[in-house]
Structures are given as structure tokens and as C-alpha cells.
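Novice: Before we start, here is the structure in question, set down as C-alpha cells.
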Amino acid sequence: MLLTSDITAERGLLRFITCGSVDDGKSTLMGRLLYESGVLAQDHLENLTAESARRTGQDGTIDFSLLFDGLEAEREQGITIDVAYRYFTTARRSFIVADAPGHEQYTANMVTGASTADLAVVLVDAARGIVDQTRRHACLVALLGVRQVVLAVTKMDLVGWDRERFQSIEAEFREFADLIGLTHVVAIPLSGTQGDNVVRASGATPWYEGPTLLAHLETVDLDQTAAAQQPFRMPVQWVSRADNVRGYAGQIAAGTIKPGDRVVCQPSGRTTTVQRIVEFEGDRDAASAGTSTTLVLADEIDCSRGDVLSAAAQPAEIAGQFEVTLFWMSRSDLIVGRSYWLRLGPTLVSAQVTNIKHRLDVNTLDKLAAKTLEMNAIGVCNLSVDRDIAFAAYAENRELGGFILIDRLTNATVGAGVIQFALTRSHTIRWQHLDISRETRAQALGQRPAVIWFTGLSGSGKSTLANKLESRLHAEGRHTYILDGDNIRHGLSHDLGFTEADRVENIRRVAEVARLMADAGLIVMVSLISPFRADREMARDRIEAGEFIEVFVDVPLQVAEERDPKGLYRRARSGEIANFTGIDSPYEPPKDPEVYIDTLAVTVEDGVASIIDTLKARGVLR
């Protein structure tokens with residue numbers, strides 16, 4: 001008797017996605033496909049029939065979309081919101097179908113479904129023709145490496161099975177597909193509600209000589225051996241220590257591995273030999289791409305989650321800067337220079353988009369100048385991560401070339417992208433080793449370095465506190481420096497304005513300077529409004545662990561306006577200054593600062609004393 005996994009392997013598994021604009025009939029088409037294929041259980045079919053009758057008031061009529069539109073909100077609105085997955089099998093092949101939402105605001109959900117698909121069924125309503133969302137989904141299909149496409153021209157019954165209408169839509173789509181690199185396109189005229197050309201050939205289209213939808217899905221060529229023929233790659237997802245044996249678990253992304261093979265852990269570069277391949281049923285003689293397994297290595301090496309085990313003779317590329325194609329999902333625009341989490345498989349690193357080369361017009365494919373990316377925009381960007389990682393170009397390997405960007409504060413996925421290649425500078429610029437270490441410099445100064453980051457509204461008293469603190473530390477013989485926001489604007493950041501993007505870049509520059517000063521052994525005080533939490537977290541990440549101390553200088557906006565020592569609030573209220581924090585630009589207070597100072601409740605001296613106590617508790621002062 002064959003196990004389910006054996007059956008799947010024998011028949012071949014096709015993962016495909018249905019996509020297109022809202023109301024093109026995706027859920028109905030897929031529901032009809034399951035019904036006509038005879039894969040629905042009798043009780044499921046009876047429930048579907050009863051539910052359809054309840055909703056339509058007509059006995060015997062089946063609403064096939066109910067098989068996929070599972071969320072109540074979807075049924076009420078008649079649109080697909082989430083990605084609905086279904087597994088089914090026929091005599092010739094097994095399938096996992098992802099029914100993606102068509103509405104523009106849910107395009108991000110479509111990306112999720114397409115990221116693992118082998119084939120895409122792109123639907124076009126015969127009456128409406130190709131629309132913007134059709135092109136956007138086709139672009140994303142190409143971007144995510146799906147090369148097999150079915151152009152399903154639906155609702156042909158509503159246009160009288162007009163052959164010329166079908167051929168016009170097919171010609172328009174093929175012209176666009178050629179531009180974006182989709183070369184394997186099969187066009188099928190069909191009706192989801194009536195079942196024409198879904199499973200059985202339709203008498204309504206004597207002029208169409210191609211396959212039905214199911215026939216094509218069952219016979220389309222799947223190159224399932226290409227990944228196994230590549231050099232070995234396995235991202236480490238987990239380090240296990242069962243039975244006192246250390247094993248490195250993960251899913252093999254490329255290649256084949258056998259006991260005795262030499263591997264290298266990247267990016268550390270340590271090499272060793274595979275001793276055993278361990279799975280639940282026991283040891284194996286070999287494992288190939290797509291297999292989840294555990295490798296026991298001959299040597300104890302520094303290898304952890306997020307590292308990549310590669311063939312020692314053909315290791316993966318390593319870099320920290322890339323050209324990427326990025327699809328932006330968030331309602332908030334992308335900010336160049338802002339710090340996000342980047343997840344590539346199990347690898348999690350801090351990342352920044354450093355430059356937007358251009359934005360893609362999904363209708364014309366023109367390359368448009370852009371300083372930001374709005375929701376559902378596609379752009380080509382330069383991206384930098386905080387440490388070198390092992391990767392592959394997405395065109396070569398999806399698992400090692402596809403990534404998502406995550407908001408550091410909300411943990412929401414804000415972008416999805418693919419790596420095109422490493423930037424040349426990533427290979428030519430390396431950190432220069434210095435003979436004198438930061439610890440040696442700090443010992444020579446007789447202190448521990450620290451970065452004390454003062455944040456708060458304009459007029460809260462940040463600079464006053466920083467000045468008083470430096471005077472106190474200087475009197476005790478400490479080596480210090482103040483990076484004040486206004487002073488920085490006269491030199492280092494004289495070219496920046498006060499847009500959100502400019503603020504992000506200003507904070508990045510100051511954080512880099514503060515890091516270098518701390519590396520020199522100094523106690524650095526930074527006085528900046530720094531209104532956004534994500535940017536302060538970016539600054540914290542650049543400083544050695546335990547050396548960043550955030551001081552929130554709190555004051556009510558009304559009091560800050562009354563103080564208004566520089567007349568800035570008055571000018572902002574009159575419209576002379578745009579994007580002023582607290583007036584027409586938000587301030588995000590820290591959630592858990594190391595030091596909180598309410599300037600209405602404590603004196604400057606008490607505030608300084610509170611910071612001194614924290615520095616002593618951290619071991620900066622003794």
C-alpha cells in the first residue's frame with residue numbers, strides 16, 4: 001500500500017495560483033474545477049448544494065465560489081480577501097491551488113500565494129478585458145519566478161462565445177507577457193458557471209483546439225529535478241541536541257547531500273564533513289532539494305539558525321548589499337534609509353533600502369523616477385543589510401533569493417522582494433581590521449563608552465540636560481562629546497530638510513558618528529528630537545549591546561509651545577515651517593526608555609542625577 005507522500009511523489013505535485021482582477025470569477029472557476037473533477041465528498045457536495053439554495057433561493061443551483069470564499073466577510077461582499085488553499089488529486093497528478101484575492105487592496109495576499117507556485121492561472125473577464133490589476137498580477141507572477149501561465153478568459157458565455165473577442169484578449173496579454181518575460185502562456189476560453197472547457201471540451205467553442213483547463217494542469221511539464229542538480233544549499237532552521245547529538249535541521253534548498261560530503265557553514269566559512277543524515281524513520285544514504293532533514297556534522301562548528309550549509313567546493317555567494325526588485329505592501333510609504341527587519345528563509349537581519357533606482361509602471365512598464373514606494377508599487381532598489389549573508393539570485397533559487405521586509409515595531413510584513421544580484425561594492429569593500437581595539441581605547445581613557453540618546457519634543461529641555469550632564473562628567477575627568485541636533489544641521493546634515501525621509505537620513509548619519517565616537521572610547525550624548533521609534537531603534541542597533549541609553553525628556557506640547565525658545569512653534573503654526581514635530585508631524589514617545597524625565601516634575605539637577613545613576617548601574621561609571 002502506498003503512503004500519501006509516495007502517491008504525491010509518483011504523480012507529481014503541482015502548486016498553482018489563480019489570480020486576476022476582482023469579479024473575474026476565480027473562486028467560481030476553481031469550485032467548478034473541483035466539482036467537475038469528482039473530488040468532492042458526497043457530504044461536502046450536499047452541504048454546498050444546500051448552502052447555495054439558501055443563498056440563491058433556487059434548488060439545484062450550485063454557487064461554486066462557496067468552496068473557496070470561506071471568510072464570512074468575503075461571502076457578504078462577494079469578493080475573495082484571504083488566500084484560500086485547496087489540496088486535491090486526480091488520477092494523473094496532485095494539486096495545491098491557492099485562490100488569491102483580486103481586489104487591489106489585497107494584492108499583498110496574492111504575493112503570498114504566488115511565492116510557492118509552479119503555475120499561475122490568470123483570469124480575465126471576457127466582457128471587461130485586461131485591466132490594471134491583470135497587468136499588476138502578471139508582473140508579480142513574473143517577479144516571483146512563475147514561468148508557466150494559463151490565460152483563462154472567463155465568462156465567454158456572456159459575450160456569445162465570440163472568437164474574435166477571445167483572440168483580441170489573448171493577443172493583448174501575450175504582447176504584455178513578452179515584455180515581462182512570461183514566455184509559456186496557454187490561453188483557454190471558458191465559463192466557470194457552466195463548466196465549458198474546464199474539465200470537458202465545450203461544444204460552444206468549435207474554433208478552439210487547445211486543452212481544457214484540467215487537461216493542461218495534469219500534463220504541464222514540471223522540472224522537478226533542476227534544484228537537485230544545483231550545488232548543495234541548506235539554510236539552518238534549528239540546531240537540535242537530541243540524545244546528546246547535535247544536528248542541524250532545515251529544508252534543502254538546492255542540491256543533494258550524502259554522508260562524507262564536505263560542507264561549509266556560511267557566512268562564518270568553517271568547513272566540516274557530513275557524518276549522518278538523520279530523519280524520523282532513521283538514517284538516510286542521501287537527501288535532495290525539497291527534503292526536510294537533519295545533518296550531523298563531524299566537527300563542532302559555530303553554526304546556528306539563519307546560517308547556510310553549502311557544498312564546500314561550490315559555496316553560496318556572500319554579500320551585504322544588493323539590487324532587489326521590491327513589491328511594497330504597506331499603507332505607509334517606503335522611507336529610504338529607514339530600518340526594517342529582512343527575513344530570507346530563517347535568516348533575520350536588519351536592512352535598509354538605500355536607494356530607489358526606479359518605480360515600474362505596470363501598464364506601460366516604463367521606468368519612473370521615485371523617491372518612495374506607495375502601497376502596491378513595484379520598484380528596483382539598492383538594499384543593504386547589517387551583516388553579510390549567504391544568498392542566491394532569485395532566478396537561480398527562490399528559497400535563497402526571496403525575502404520579506406518587516407516593520408520593526410508592529411512586526412507587520414511591509415514588503416516582499418527578490419534579490420537580483422550583489423552590488424559590486426559589497427564584494428570590494430571589506431571592514432579593515434585595526435590593531436588597536438575599542439576595548440584598548442576605552443582602557444586608555446579609563447572609562448567605558450556609551451551613547452546617551454536624548455529624545456523629546458522641541459523645547460522639552462534635551463540640550464539643557466545634555467549640557468549639564470557633560471559638565472558633570474567633564475568635572476569627573478570623563479571624556480565626552482555632545483552631538484546636538486542644531487549643530488549637526490550646520491555641517492554633517494546641512495543638505496537635509498525636514499521631510500520624514502530627511503529625518504531618517506539625519507538620524508542614520510548621527511548614529512554612525514555616535515558609533516564611531518563610542519568605538520573611540522568616548523561617552524557620547526546625542527540630543528535629537530528623533531520623533532520615530534523605528535529610527536531610534538535603528539540607532540540602538542548600531543551601538544554595541546548595553547551601551548545605548550535612551551533618555552525620554554517628556555513635556556506636554558502646550559508647555560513646549562509656551563517655552564518656544566527659538567520661536568519655532570509660532571512659525572510652524574503660521575505655516576512658515578512644514579513637517580514640524582508636534583504640529584503637522586507626529587512624535588512617537590519611547591515605550592520603554594532607560595531613563596524617563598518629566599521636566600515638569602523634576603529639576604535639571606535631579607534629571608542629571610537620574611542619568612548618572614543609570615550610568616553607574618550599567619557599569620559605565622564607577
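Chain identifiers are assigned as A, B, and so on, following the order in which chains appear in the C-alpha cells; residues are numbered from 1 within each chain, and ligands are numbered from 1 in order of appearance.
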Can you pull out every residue from stretch 307-411 of chain A that DSSP, working from the backbone, puts in helix (DSSP H, G or I), and format the result as a list in words?
Specialist: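 Residues meeting the helix (DSSP H, G or I) criterion: Arg398, Glu399, Leu400 and Gly401 of chain A.
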Novice: Produce a file of the selected residues containing C-alpha atoms, as a PDB file, in the first residue's frame.
Specialist:
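Result went into out15.pdb, see below:
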ATOM      1  CA  ARG A 398      13.664  31.007  -4.720  1.00  0.00           C
ATOM      2  CA  GLU A 399      14.474  29.965  -1.161  1.00  0.00           C
ATOM      3  CA  LEU A 400      17.814  31.811  -1.118  1.00  0.00           C
ATOM      4  CA  GLY A 401      16.732  34.796  -3.199  1.00  0.00           C
TER       5      GLY A 401
END
Novice: Please provide as a ChimeraX atom specification all residues within 9 Å of A:Arg540, with the sequence filter that same-chain residues fewer than 6 positions apart are discarded (counting only C-alpha atoms).
Specialist: /A:451,511,547-550
Novice: Pick out the closest residue to A:Ile389 from this set: A:Ser268, A:Ser304, A:Asp502, A:Ala416. Count only C-alpha atoms.
Specialist: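 Going through A:Ser268, A:Ser304, A:Asp502, A:Ala416 one by one, the smallest distance to A:Ile389 is for A:Ser268.
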Novice: Out of A:Tyr208, A:Phe16, A:Phe327, A:Phe173, which residue has the shortest atom-to-atom distance to A:Asn363 when counting only C-alpha atoms?
Specialist: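 Among the listed residues, the smallest separation from A:Asn363 belongs to A:Phe173.
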Novice: Would you kindly return, as a list in words, each protein, DNA or RNA residue with an atom no farther than 12 Å from any atom of A:Ala442, considering only C-alpha atoms and excluding same-chain residues fewer than 2 positions away?
Specialist: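 Listing them by chain and then by number gives Ile436, Ser437, Arg438, Glu439, Thr440, Ala444, Leu445, Gly446, Gln447, Arg448, Pro449, Ala450, Arg478, His479, Thr480, Met517, Ala518, Asp519, Ala520, Gly521, Leu522, Ile523 and Val620 of chain A.
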Novice: Applying 8 Å and only C-alpha atoms, which residues near A:Gly195 remain after dropping the ones on its own chain fewer than 5 positions away? List them as a list in words.
Specialist: Arg32, Leu33, Glu36, Leu190 and Arg200 of chain A
Novice: Could you save the residues just selected, with N, CA and C atoms, as a PDB file, in the first residue's frame?
Specialist:
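selection32.pdb, written as the output of this step:
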ATOM      1  N   ARG A  32     -15.858  25.058  -9.718  1.00  0.00           N
ATOM      2  CA  ARG A  32     -16.320  24.218 -10.827  1.00  0.00           C
ATOM      3  C   ARG A  32     -15.286  23.143 -11.157  1.00  0.00           C
ATOM      4  N   LEU A  33     -13.994  23.497 -11.121  1.00  0.00           N
ATOM      5  CA  LEU A  33     -12.934  22.535 -11.409  1.00  0.00           C
ATOM      6  C   LEU A  33     -12.988  21.369 -10.428  1.00  0.00           C
ATOM      7  N   GLU A  36     -16.322  19.314 -11.161  1.00  0.00           N
ATOM      8  CA  GLU A  36     -16.268  18.532 -12.397  1.00  0.00           C
ATOM      9  C   GLU A  36     -15.227  17.413 -12.319  1.00  0.00           C
ATOM     10  N   LEU A 190     -13.319  29.915 -21.582  1.00  0.00           N
ATOM     11  CA  LEU A 190     -14.123  29.033 -20.733  1.00  0.00           C
ATOM     12  C   LEU A 190     -15.206  29.794 -19.993  1.00  0.00           C
ATOM     13  N   ARG A 200     -14.249  19.359 -19.338  1.00  0.00           N
ATOM     14  CA  ARG A 200     -14.672  18.763 -20.610  1.00  0.00           C
ATOM     15  C   ARG A 200     -14.642  19.825 -21.711  1.00  0.00           C
TER      16      ARG A 200
END
Novice: Name all residues at most 9 Å from A:Met525 (count only C-alpha atoms; drop same-chain ones fewer than 3 positions away) and give them as a count of residues only.
Specialist: 15
Novice: Write out as a list in words each polymer residue whose atoms come within 7 Å of A:Asp333, counting only C-alpha atoms; drop sequence neighbours fewer than 3 positions from it.
Specialist: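 In the requested form, the answer reads Ser330, Thr372, Leu373, Glu374 and Met375 of chain A.
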Novice: What lies within 12 Å of A:Pro231 using only C-alpha atoms, ignoring chain neighbours under 5 positions off, as a list in words?
Specialist: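 These residues fall inside the cut-off: Ala226, Ile252, Ala253, Ala254, Gly255, Thr256, Ile257, Asp261, Arg262, Val263, Ser288, Ala289, Leu309, Ser310, Ala311, Ala312, Ala313, Gln314, Pro315, Ala316, Glu317, Ala392, Glu396 and Asn397 of chain A.
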Novice: Put those residues in a file: N, CA and C atoms, as a compact mmCIF listing (two decimals), in the first residue's frame.
Specialist:
# COMPACT_ATOMS: atom_id res chain seq x y z
N ALA A 226 15.62 20.15 -11.43
CA ALA A 226 16.60 21.22 -11.61
C ALA A 226 17.26 21.61 -10.30
N ILE A 252 16.35 21.36 2.51
CA ILE A 252 17.39 21.53 1.49
C ILE A 252 16.84 22.39 0.36
N ALA A 253 17.51 23.49 0.09
CA ALA A 253 17.06 24.43 -0.93
C ALA A 253 17.59 24.07 -2.31
N ALA A 254 18.71 23.39 -2.38
CA ALA A 254 19.29 23.02 -3.67
C ALA A 254 20.29 21.89 -3.46
N GLY A 255 20.45 21.07 -4.50
CA GLY A 255 21.49 20.06 -4.48
C GLY A 255 21.11 18.78 -3.76
N THR A 256 22.10 17.92 -3.64
CA THR A 256 21.97 16.63 -2.96
C THR A 256 23.14 16.48 -2.00
N ILE A 257 22.90 15.84 -0.88
CA ILE A 257 23.93 15.67 0.14
C ILE A 257 24.02 14.21 0.55
N ASP A 261 30.27 13.99 2.48
CA ASP A 261 30.43 15.22 1.70
C ASP A 261 30.97 16.34 2.57
N ARG A 262 31.82 17.19 1.98
CA ARG A 262 32.35 18.35 2.68
C ARG A 262 31.38 19.53 2.52
N VAL A 263 31.12 20.21 3.63
CA VAL A 263 30.23 21.37 3.60
C VAL A 263 30.90 22.54 4.33
N SER A 288 17.87 15.20 -1.02
CA SER A 288 17.92 16.17 -2.12
C SER A 288 17.01 17.35 -1.87
N ALA A 289 17.06 18.30 -2.80
CA ALA A 289 16.29 19.55 -2.69
C ALA A 289 14.82 19.26 -2.41
N LEU A 309 24.35 26.01 5.19
CA LEU A 309 25.33 24.97 4.91
C LEU A 309 25.38 24.78 3.40
N SER A 310 26.59 24.89 2.83
CA SER A 310 26.76 24.82 1.38
C SER A 310 27.83 23.79 1.04
N ALA A 311 27.82 23.35 -0.21
CA ALA A 311 28.88 22.49 -0.70
C ALA A 311 30.21 23.23 -0.58
N ALA A 312 31.19 22.61 0.07
CA ALA A 312 32.46 23.30 0.33
C ALA A 312 33.16 23.68 -0.97
N ALA A 313 33.00 22.84 -2.00
CA ALA A 313 33.69 23.11 -3.27
C ALA A 313 32.99 24.19 -4.08
N GLN A 314 31.69 24.41 -3.82
CA GLN A 314 30.90 25.42 -4.56
C GLN A 314 30.02 26.19 -3.58
N PRO A 315 30.62 27.01 -2.73
CA PRO A 315 29.83 27.70 -1.70
C PRO A 315 28.91 28.75 -2.30
N ALA A 316 27.91 29.14 -1.52
CA ALA A 316 26.98 30.20 -1.93
C ALA A 316 27.69 31.54 -1.92
N GLU A 317 27.13 32.51 -2.65
CA GLU A 317 27.64 33.87 -2.60
C GLU A 317 27.35 34.47 -1.24
N ALA A 392 21.34 33.58 -2.99
CA ALA A 392 21.42 33.28 -4.43
C ALA A 392 20.48 34.24 -5.14
N GLU A 396 17.82 31.94 -9.75
CA GLU A 396 18.50 30.66 -9.58
C GLU A 396 17.87 29.82 -8.48
N ASN A 397 17.42 30.47 -7.41
CA ASN A 397 16.88 29.73 -6.27
C ASN A 397 15.92 30.60 -5.48
Novice: Which of these residues is nearest to A:Val239, using only C-alpha atoms: A:Ala286, A:Leu297, A:Arg305, A:Arg503?
Specialist: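 Using only C-alpha atoms, A:Val239 sits closest to A:Arg305.
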Novice: Considering only C-alpha atoms, can you say which of A:Ile404, A:Val510, A:Val198, A:Leu144 comes closest to A:Leu528?
Specialist: A:Val510
